[in-house]
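Here's the structure, in structure tokens; my notes come after.
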Amino acid sequence: MNSLYAVLLSLAALSGAPLFSVIAGASIMAFLALEIDLSLVIIEMYRLASNPMLVALLLFALAGYMLAESQASRRLVRLSLALLGRAPGGLAIVALLTSAFFTALTGASGITIVALGGLLLPALLQDRYSEKFSLGLLTTCGSLGLLFPPSLPLIVYGMVAEVKISELFVAGILPGLLMLTLLALYSIWHGARGRSPAPAGGGGEATVSIAEALSALREAVWELLLPVVVIGGIFSGFLAVSEAAAVTVLYVVLVEGVIHREVKVGDLPPILLKTAVMVGAIVVILGASLAFNSFLVDQQVPNRILAFMRSHVHSRIGFLVILNLFLLGVGCLLDMFSALVIVVPLIIPIAQSYGVDLLHLGIIFLTNLQIGYSTPPVGMDLFIASLRFDKPVLYLYVASLPFLAILLATLAVITFVPSLTLVLAR
């Protein structure tokens, strides 16, 4: 009977069944095999429901979906173009900054590619960037910003690893800035040397007047103030994370619903439905995964993995190399939230045995998952970009390689220079 259940679960996973249902089914199958009370799954879900950080997750997700439904992305692109459009590589840097900003607020890379791709790709091509460079840039930009607050994956990692989320918010700032800086330097180099010549009689750099810059700033100022409200409230000690999430929703409602009038009352039901589906799936995945992890702990699986690692890997550096290779594969195969709740509890005791700080581990983890989204052959952003830009996914593989090389170099620095992550947080 157990083998039949295993076959059915495998077929369900291969047929595209929701991942949370597959995880829950695997947990229940394991508990039935060991005659463990199935109420353990319900207990874990109840424990999660009473976690105050779940409220923060729900509210930040709601704010992100409202921003995605508004014209905030267009305003951010307009302002960035006004300020950076004439600089070497300026438009590419615009793509980097707006993508990072938008992903940090929405917490989902697919939304960033869909929302910004249609705006930025024609602009990049018109500004004489090659199609390959433009597509590679926008594909890998899709997951930038996950290290910046108030990123939802940071909150989920903090919940699973029981790490202070406010410290995680600080820990991701320098690694995220390093990533943006290296990508920006490559974009400047490409902008200076890799663009096609301007056509005769025109087609040079676009000239943006001071009046246009001021107009764009006035239009986007409310979105620009949002991180100040969120981060300032948390780090000043005036707001807890869950309170900052509530203030964020109120702020977004006022800005997008009252000031810009782009999110109307009739838009709220589908936005609330999307938020509920997303957060509900996360809760089910968390509950089933934590219950399943309890089963793995009961079967001493982490202890066996730890014993194997200690017998074959004798240095912290060796462990970190293996960890990165493993997490890159996880990032290709699983979505961000599933990877966090399934893998983090198994990795934590092993990482601690090698002296890896949990804040440092979290940033390493999220950086790997972010890169994995754009890593061939099955990175999720590659397929989203293929659909959005109507290009063969193999073409996007090649276009993304220079950016992946830079991201992997950044990952190496983040991994082996822990002070970059810990200097602000500690």
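Lettering and numbering for the structure tokens are positional, with chains as A, B, ... in the shown order, residues counted from 1 in each chain, and ligands counted from 1 in the shown order.
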For the contact check between segment 372-424 of chain A and segment 126-141 of chain A, emit one row per residue of segment 372-424 of chain A within 12 Å, containing the shortest atom pair and the distance in Å rounded to one decimal, counting only C-alpha atoms, chain then rising number order, as a Markdown table.
| residue | atom | partner | partner_atom | distance |
| --- | --- | --- | --- | --- |
| A:Gly372 | CA | A:Thr140 | CA | 9.9 |
| A:Tyr373 | CA | A:Thr140 | CA | 8.1 |
| A:Ser374 | CA | A:Thr140 | CA | 5.8 |
| A:Thr375 | CA | A:Thr140 | CA | 9.0 |
| A:Pro376 | CA | A:Thr140 | CA | 11.6 |
| A:Gly379 | CA | A:Thr140 | CA | 10.2 |
| A:Met380 | CA | A:Thr139 | CA | 9.9 |
| A:Asp381 | CA | A:Thr139 | CA | 6.2 |
| A:Leu382 | CA | A:Thr139 | CA | 6.4 |
| A:Phe383 | CA | A:Thr139 | CA | 9.3 |
| A:Ile384 | CA | A:Thr139 | CA | 8.4 |
| A:Ala385 | CA | A:Thr139 | CA | 5.9 |
| A:Ser386 | CA | A:Thr139 | CA | 8.8 |
| A:Leu387 | CA | A:Thr139 | CA | 11.2 |
| A:Arg388 | CA | A:Thr139 | CA | 10.0 |
| A:Phe389 | CA | A:Leu135 | CA | 8.2 |
| A:Asp390 | CA | A:Leu135 | CA | 10.8 |
| A:Lys391 | CA | A:Leu135 | CA | 9.1 |
| A:Pro392 | CA | A:Leu135 | CA | 11.2 |
| A:Val393 | CA | A:Thr139 | CA | 10.7 |
| A:Leu394 | CA | A:Gly136 | CA | 11.6 |
| A:Tyr395 | CA | A:Lys132 | CA | 8.1 |
| A:Leu396 | CA | A:Gly136 | CA | 6.4 |
| A:Tyr397 | CA | A:Gly136 | CA | 8.1 |
| A:Val398 | CA | A:Gly136 | CA | 7.9 |
| A:Ala399 | CA | A:Gly136 | CA | 4.4 |
| A:Ser400 | CA | A:Gly136 | CA | 4.1 |
| A:Leu401 | CA | A:Gly136 | CA | 7.6 |
| A:Pro402 | CA | A:Gly136 | CA | 8.0 |
| A:Phe403 | CA | A:Thr140 | CA | 6.8 |
| A:Leu404 | CA | A:Thr140 | CA | 7.5 |
| A:Ala405 | CA | A:Thr140 | CA | 11.0 |
| A:Ile406 | CA | A:Thr140 | CA | 10.6 |
| A:Leu407 | CA | A:Thr140 | CA | 9.0 |
| A:Leu408 | CA | A:Thr140 | CA | 11.9 |
Next on the checklist: Just want the 10 Å neighbourhood of segment 146-156 of chain A, counted on only C-alpha atoms, with same-chain residues fewer than 3 positions away dropped. Output as a PyMOL selection string.
Outcome noted: chain A and resi 53-54+56-58+60-61+64+100-109+142-143+159-166+168-177+179+227+230-231+241+244-245+248+282+286+336-337+340-341+362-364+366-367+369-370
Next on the checklist: Using only C-alpha atoms for the distances, tell me which of A:Ile42, A:Met66, A:Ile305, A:Val55 is nearest to Pro269 of chain A.
Outcome noted: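 Residue with the minimum atom-to-atom distance to Pro269 of chain A: A:Met66.
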Item to check | Exercise: Ala68 of chain A partners within 10 Å, only C-alpha atoms, chain neighbours under 5 positions left out, as a ChimeraX atom specification | outcome: /A:62-63,73,102-103,105-106,111-112,114-116,263,271
Deliver the residues from the most recent selection as a file, using N, CA and C atoms, as a compact mmCIF listing (two decimals), in the first residue's frame.
# COMPACT_ATOMS: atom_id res chain seq x y z
N LEU A 62 0.11 41.43 0.62
CA LEU A 62 -1.01 42.24 0.15
C LEU A 62 -0.53 43.56 -0.43
N ALA A 63 0.41 44.22 0.26
CA ALA A 63 0.95 45.47 -0.24
C ALA A 63 1.66 45.26 -1.59
N SER A 73 5.40 50.68 -11.26
CA SER A 73 6.58 50.28 -12.05
C SER A 73 6.87 51.30 -13.14
N PHE A 102 11.47 46.90 -7.09
CA PHE A 102 10.14 46.32 -7.27
C PHE A 102 10.06 44.92 -6.67
N THR A 103 11.11 44.12 -6.85
CA THR A 103 11.11 42.76 -6.31
C THR A 103 11.14 42.77 -4.79
N LEU A 105 9.76 44.89 -2.90
CA LEU A 105 8.44 45.25 -2.41
C LEU A 105 7.40 44.17 -2.69
N THR A 106 7.51 43.51 -3.84
CA THR A 106 6.50 42.50 -4.19
C THR A 106 6.90 41.10 -3.73
N ILE A 111 6.63 38.42 -11.04
CA ILE A 111 5.89 39.67 -11.17
C ILE A 111 6.77 40.75 -11.75
N THR A 112 8.04 40.79 -11.33
CA THR A 112 8.96 41.82 -11.80
C THR A 112 9.20 41.70 -13.30
N VAL A 114 7.26 40.30 -15.55
CA VAL A 114 6.03 40.61 -16.28
C VAL A 114 5.74 42.10 -16.24
N ALA A 115 5.91 42.73 -15.06
CA ALA A 115 5.53 44.14 -14.90
C ALA A 115 6.50 45.08 -15.59
N LEU A 116 7.81 44.79 -15.49
CA LEU A 116 8.81 45.72 -16.00
C LEU A 116 9.35 45.34 -17.38
N VAL A 263 -5.70 51.86 -7.88
CA VAL A 263 -6.27 50.65 -7.30
C VAL A 263 -7.64 51.04 -6.74
N ILE A 271 -7.32 41.10 -5.76
CA ILE A 271 -6.03 41.27 -5.08
C ILE A 271 -6.02 40.48 -3.77
DSSP on the backbone: which residues in segment 250-370 of chain A end up as alpha helix (DSSP H)? Give the answer as a compact mmCIF listing (two decimals) with N, CA and C atoms, in the first residue's frame.
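Output file selection.txt follows:
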# COMPACT_ATOMS: atom_id res chain seq x y z
N LEU A 250 -1.46 50.22 4.81
CA LEU A 250 -2.19 51.49 4.89
C LEU A 250 -1.58 52.53 3.96
N TYR A 251 -0.26 52.60 3.94
CA TYR A 251 0.44 53.57 3.10
C TYR A 251 0.17 53.29 1.62
N VAL A 252 0.26 52.02 1.22
CA VAL A 252 0.04 51.66 -0.19
C VAL A 252 -1.41 51.95 -0.59
N LEU A 268 -9.99 45.31 -5.35
CA LEU A 268 -9.54 44.69 -4.10
C LEU A 268 -9.90 43.20 -3.99
N PRO A 269 -11.12 42.77 -4.39
CA PRO A 269 -11.41 41.32 -4.25
C PRO A 269 -10.41 40.42 -4.96
N PRO A 270 -10.06 40.65 -6.26
CA PRO A 270 -9.06 39.76 -6.87
C PRO A 270 -7.68 39.89 -6.23
N ILE A 271 -7.32 41.10 -5.76
CA ILE A 271 -6.03 41.27 -5.08
C ILE A 271 -6.02 40.48 -3.77
N LEU A 272 -7.11 40.58 -3.01
CA LEU A 272 -7.20 39.83 -1.75
C LEU A 272 -7.20 38.32 -2.02
N LEU A 273 -7.85 37.91 -3.11
CA LEU A 273 -7.87 36.48 -3.44
C LEU A 273 -6.47 35.97 -3.77
N LYS A 274 -5.72 36.73 -4.59
CA LYS A 274 -4.35 36.34 -4.93
C LYS A 274 -3.50 36.25 -3.66
N THR A 275 -3.64 37.23 -2.78
CA THR A 275 -2.86 37.24 -1.54
C THR A 275 -3.21 36.03 -0.68
N ALA A 276 -4.51 35.76 -0.55
CA ALA A 276 -4.94 34.63 0.29
C ALA A 276 -4.44 33.30 -0.26
N VAL A 277 -4.50 33.16 -1.58
CA VAL A 277 -4.03 31.91 -2.19
C VAL A 277 -2.54 31.73 -1.96
N MET A 278 -1.77 32.80 -2.16
CA MET A 278 -0.32 32.71 -1.99
C MET A 278 0.05 32.40 -0.54
N VAL A 279 -0.49 33.18 0.39
CA VAL A 279 -0.13 32.98 1.80
C VAL A 279 -0.71 31.67 2.32
N GLY A 280 -1.92 31.31 1.87
CA GLY A 280 -2.48 30.04 2.29
C GLY A 280 -1.63 28.86 1.85
N ALA A 281 -1.13 28.93 0.59
CA ALA A 281 -0.25 27.86 0.12
C ALA A 281 1.03 27.80 0.95
N ILE A 282 1.56 28.98 1.32
CA ILE A 282 2.78 29.01 2.13
C ILE A 282 2.52 28.37 3.49
N VAL A 283 1.36 28.66 4.10
CA VAL A 283 1.03 28.09 5.41
C VAL A 283 0.90 26.57 5.33
N VAL A 284 0.23 26.09 4.27
CA VAL A 284 0.09 24.64 4.11
C VAL A 284 1.45 23.99 3.91
N ILE A 285 2.29 24.61 3.07
CA ILE A 285 3.63 24.08 2.84
C ILE A 285 4.42 24.09 4.15
N LEU A 286 4.35 25.20 4.88
CA LEU A 286 5.07 25.30 6.15
C LEU A 286 4.60 24.23 7.13
N GLY A 287 3.27 24.11 7.29
CA GLY A 287 2.75 23.14 8.25
C GLY A 287 3.12 21.72 7.89
N ALA A 288 2.90 21.34 6.61
CA ALA A 288 3.21 19.99 6.18
C ALA A 288 4.71 19.72 6.23
N SER A 289 5.51 20.73 5.83
CA SER A 289 6.96 20.54 5.81
C SER A 289 7.53 20.44 7.22
N LEU A 290 7.05 21.28 8.13
CA LEU A 290 7.54 21.22 9.50
C LEU A 290 7.14 19.91 10.17
N ALA A 291 5.92 19.46 9.87
CA ALA A 291 5.52 18.16 10.39
C ALA A 291 6.38 17.05 9.81
N PHE A 292 6.65 17.14 8.51
CA PHE A 292 7.51 16.14 7.87
C PHE A 292 8.93 16.21 8.41
N ASN A 293 9.40 17.44 8.69
CA ASN A 293 10.73 17.57 9.29
C ASN A 293 10.77 16.98 10.69
N SER A 294 9.65 17.07 11.42
CA SER A 294 9.58 16.41 12.72
C SER A 294 9.74 14.91 12.57
N PHE A 295 9.12 14.38 11.52
CA PHE A 295 9.28 12.95 11.22
C PHE A 295 10.74 12.62 10.90
N LEU A 296 11.39 13.48 10.09
CA LEU A 296 12.79 13.23 9.75
C LEU A 296 13.69 13.30 10.98
N VAL A 297 13.40 14.25 11.87
CA VAL A 297 14.18 14.33 13.10
C VAL A 297 13.98 13.09 13.95
N ASP A 298 12.71 12.64 14.02
CA ASP A 298 12.42 11.43 14.79
C ASP A 298 13.15 10.22 14.23
N VAL A 301 17.33 11.50 10.65
CA VAL A 301 17.91 11.78 9.33
C VAL A 301 18.94 12.90 9.38
N PRO A 302 18.65 14.05 10.06
CA PRO A 302 19.68 15.09 10.14
C PRO A 302 20.96 14.61 10.80
N ASN A 303 20.83 13.76 11.83
CA ASN A 303 22.02 13.25 12.50
C ASN A 303 22.85 12.37 11.57
N ARG A 304 22.17 11.60 10.74
CA ARG A 304 22.88 10.74 9.80
C ARG A 304 23.60 11.57 8.73
N ILE A 305 22.90 12.61 8.24
CA ILE A 305 23.54 13.50 7.26
C ILE A 305 24.74 14.18 7.88
N LEU A 306 24.58 14.65 9.14
CA LEU A 306 25.67 15.32 9.83
C LEU A 306 26.85 14.38 10.02
N ALA A 307 26.57 13.14 10.40
CA ALA A 307 27.67 12.17 10.58
C ALA A 307 28.38 11.91 9.26
N PHE A 308 27.62 11.81 8.17
CA PHE A 308 28.23 11.60 6.86
C PHE A 308 29.10 12.79 6.48
N MET A 309 28.60 14.01 6.69
CA MET A 309 29.36 15.20 6.35
C MET A 309 30.65 15.28 7.17
N ARG A 310 30.55 15.00 8.44
CA ARG A 310 31.74 15.09 9.29
C ARG A 310 32.80 14.06 8.92
N SER A 311 32.35 12.92 8.41
CA SER A 311 33.32 11.88 8.05
C SER A 311 33.96 12.14 6.69
N HIS A 312 33.31 12.97 5.86
CA HIS A 312 33.83 13.20 4.52
C HIS A 312 34.27 14.65 4.27
N ARG A 316 35.31 23.92 7.11
CA ARG A 316 34.16 24.81 6.92
C ARG A 316 34.05 25.24 5.45
N ILE A 317 35.20 25.49 4.81
CA ILE A 317 35.20 25.92 3.41
C ILE A 317 34.63 24.82 2.52
N GLY A 318 35.05 23.58 2.78
CA GLY A 318 34.52 22.47 2.00
C GLY A 318 33.02 22.33 2.16
N PHE A 319 32.53 22.52 3.39
CA PHE A 319 31.08 22.45 3.61
C PHE A 319 30.37 23.54 2.84
N LEU A 320 30.90 24.76 2.85
CA LEU A 320 30.24 25.88 2.17
C LEU A 320 30.22 25.67 0.66
N VAL A 321 31.28 25.08 0.10
CA VAL A 321 31.29 24.79 -1.34
C VAL A 321 30.19 23.79 -1.68
N ILE A 322 30.11 22.71 -0.90
CA ILE A 322 29.07 21.70 -1.14
C ILE A 322 27.68 22.30 -0.95
N LEU A 323 27.53 23.14 0.08
CA LEU A 323 26.25 23.77 0.34
C LEU A 323 25.79 24.62 -0.84
N ASN A 324 26.70 25.40 -1.40
CA ASN A 324 26.33 26.26 -2.53
C ASN A 324 25.92 25.44 -3.75
N LEU A 325 26.66 24.39 -4.04
CA LEU A 325 26.29 23.55 -5.19
C LEU A 325 24.92 22.92 -4.98
N PHE A 326 24.68 22.45 -3.77
CA PHE A 326 23.39 21.84 -3.45
C PHE A 326 22.25 22.86 -3.58
N LEU A 327 22.46 24.07 -3.02
CA LEU A 327 21.40 25.07 -3.01
C LEU A 327 21.11 25.62 -4.41
N LEU A 328 22.13 25.69 -5.27
CA LEU A 328 21.89 26.11 -6.65
C LEU A 328 20.94 25.13 -7.35
N GLY A 329 21.16 23.85 -7.09
CA GLY A 329 20.26 22.84 -7.65
C GLY A 329 18.86 22.95 -7.08
N VAL A 330 18.78 23.21 -5.78
CA VAL A 330 17.47 23.38 -5.14
C VAL A 330 16.74 24.58 -5.74
N GLY A 331 17.49 25.68 -5.96
CA GLY A 331 16.90 26.89 -6.52
C GLY A 331 16.35 26.67 -7.92
N CYS A 332 16.96 25.78 -8.68
CA CYS A 332 16.45 25.47 -10.02
C CYS A 332 15.16 24.66 -9.97
N LEU A 333 15.06 23.75 -8.99
CA LEU A 333 14.00 22.76 -9.00
C LEU A 333 12.77 23.15 -8.19
N MET A 336 10.83 29.33 -4.34
CA MET A 336 11.55 29.93 -3.21
C MET A 336 11.02 29.47 -1.86
N PHE A 337 9.71 29.57 -1.66
CA PHE A 337 9.14 29.30 -0.35
C PHE A 337 9.20 27.82 -0.01
N SER A 338 8.95 26.96 -0.98
CA SER A 338 9.04 25.52 -0.72
C SER A 338 10.47 25.13 -0.33
N ALA A 339 11.44 25.69 -1.05
CA ALA A 339 12.84 25.39 -0.74
C ALA A 339 13.19 25.83 0.67
N LEU A 340 12.70 26.99 1.07
CA LEU A 340 13.01 27.50 2.40
C LEU A 340 12.48 26.59 3.49
N VAL A 341 11.22 26.20 3.39
CA VAL A 341 10.63 25.45 4.49
C VAL A 341 11.02 23.98 4.49
N ILE A 342 11.43 23.46 3.34
CA ILE A 342 11.82 22.05 3.29
C ILE A 342 13.28 21.87 3.67
N VAL A 343 14.15 22.71 3.14
CA VAL A 343 15.59 22.48 3.25
C VAL A 343 16.21 23.14 4.48
N VAL A 344 15.74 24.33 4.85
CA VAL A 344 16.38 25.08 5.94
C VAL A 344 16.45 24.27 7.24
N PRO A 345 15.36 23.63 7.70
CA PRO A 345 15.47 22.88 8.96
C PRO A 345 16.49 21.75 8.92
N LEU A 346 16.71 21.18 7.74
CA LEU A 346 17.70 20.11 7.61
C LEU A 346 19.12 20.65 7.60
N ILE A 347 19.29 21.85 7.02
CA ILE A 347 20.62 22.42 6.87
C ILE A 347 21.13 23.07 8.15
N ILE A 348 20.22 23.64 8.95
CA ILE A 348 20.64 24.44 10.11
C ILE A 348 21.56 23.68 11.07
N PRO A 349 21.21 22.47 11.54
CA PRO A 349 22.12 21.80 12.49
C PRO A 349 23.48 21.47 11.88
N ILE A 350 23.50 21.17 10.59
CA ILE A 350 24.77 20.87 9.93
C ILE A 350 25.62 22.13 9.83
N ALA A 351 24.99 23.24 9.42
CA ALA A 351 25.72 24.51 9.30
C ALA A 351 26.25 24.95 10.65
N GLN A 352 25.46 24.81 11.70
CA GLN A 352 25.92 25.22 13.03
C GLN A 352 27.10 24.38 13.50
N SER A 353 27.11 23.11 13.10
CA SER A 353 28.24 22.26 13.50
C SER A 353 29.55 22.71 12.86
N LEU A 358 23.69 31.77 11.62
CA LEU A 358 22.39 31.59 10.95
C LEU A 358 22.00 32.78 10.09
N LEU A 359 22.42 33.99 10.46
CA LEU A 359 22.19 35.14 9.58
C LEU A 359 22.97 34.98 8.28
N HIS A 360 24.23 34.59 8.40
CA HIS A 360 25.06 34.38 7.22
C HIS A 360 24.47 33.25 6.36
N LEU A 361 24.03 32.18 7.02
CA LEU A 361 23.42 31.07 6.29
C LEU A 361 22.19 31.53 5.52
N GLY A 362 21.37 32.39 6.13
CA GLY A 362 20.18 32.87 5.47
C GLY A 362 20.48 33.64 4.20
N ILE A 363 21.48 34.52 4.25
CA ILE A 363 21.84 35.31 3.06
C ILE A 363 22.45 34.41 1.99
N ILE A 364 23.29 33.45 2.40
CA ILE A 364 23.81 32.48 1.43
C ILE A 364 22.66 31.71 0.78
N PHE A 365 21.72 31.29 1.60
CA PHE A 365 20.59 30.50 1.12
C PHE A 365 19.79 31.28 0.08
N LEU A 366 19.42 32.51 0.42
CA LEU A 366 18.58 33.30 -0.49
C LEU A 366 19.34 33.71 -1.75
N THR A 367 20.63 33.97 -1.62
CA THR A 367 21.42 34.31 -2.80
C THR A 367 21.46 33.13 -3.77
N ASN A 368 21.65 31.94 -3.25
CA ASN A 368 21.63 30.75 -4.10
C ASN A 368 20.29 30.54 -4.78
N LEU A 369 19.21 30.70 -4.02
CA LEU A 369 17.89 30.50 -4.60
C LEU A 369 17.60 31.56 -5.66
N GLN A 370 18.05 32.78 -5.40
CA GLN A 370 17.88 33.86 -6.37
C GLN A 370 18.61 33.53 -7.67
Checklist entry - Hey, which of A:Glu212, A:Leu67, A:Asp335, A:Leu96 ends up closest to Leu254 of chain A? Count only C-alpha atoms. => result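 Under the stated criterion, the closest residue is A:Leu67.
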Next on the checklist: Need the shell around Arg78 of chain A: protein/DNA/RNA residues with any atom at most 10 Å away, counting only C-alpha atoms. Skip same-chain ones fewer than 5 positions apart. Format as a PyMOL selection string?
Outcome noted: chain A and resi 72-73+83+85+94+98+119+212-213+215-217+219-220
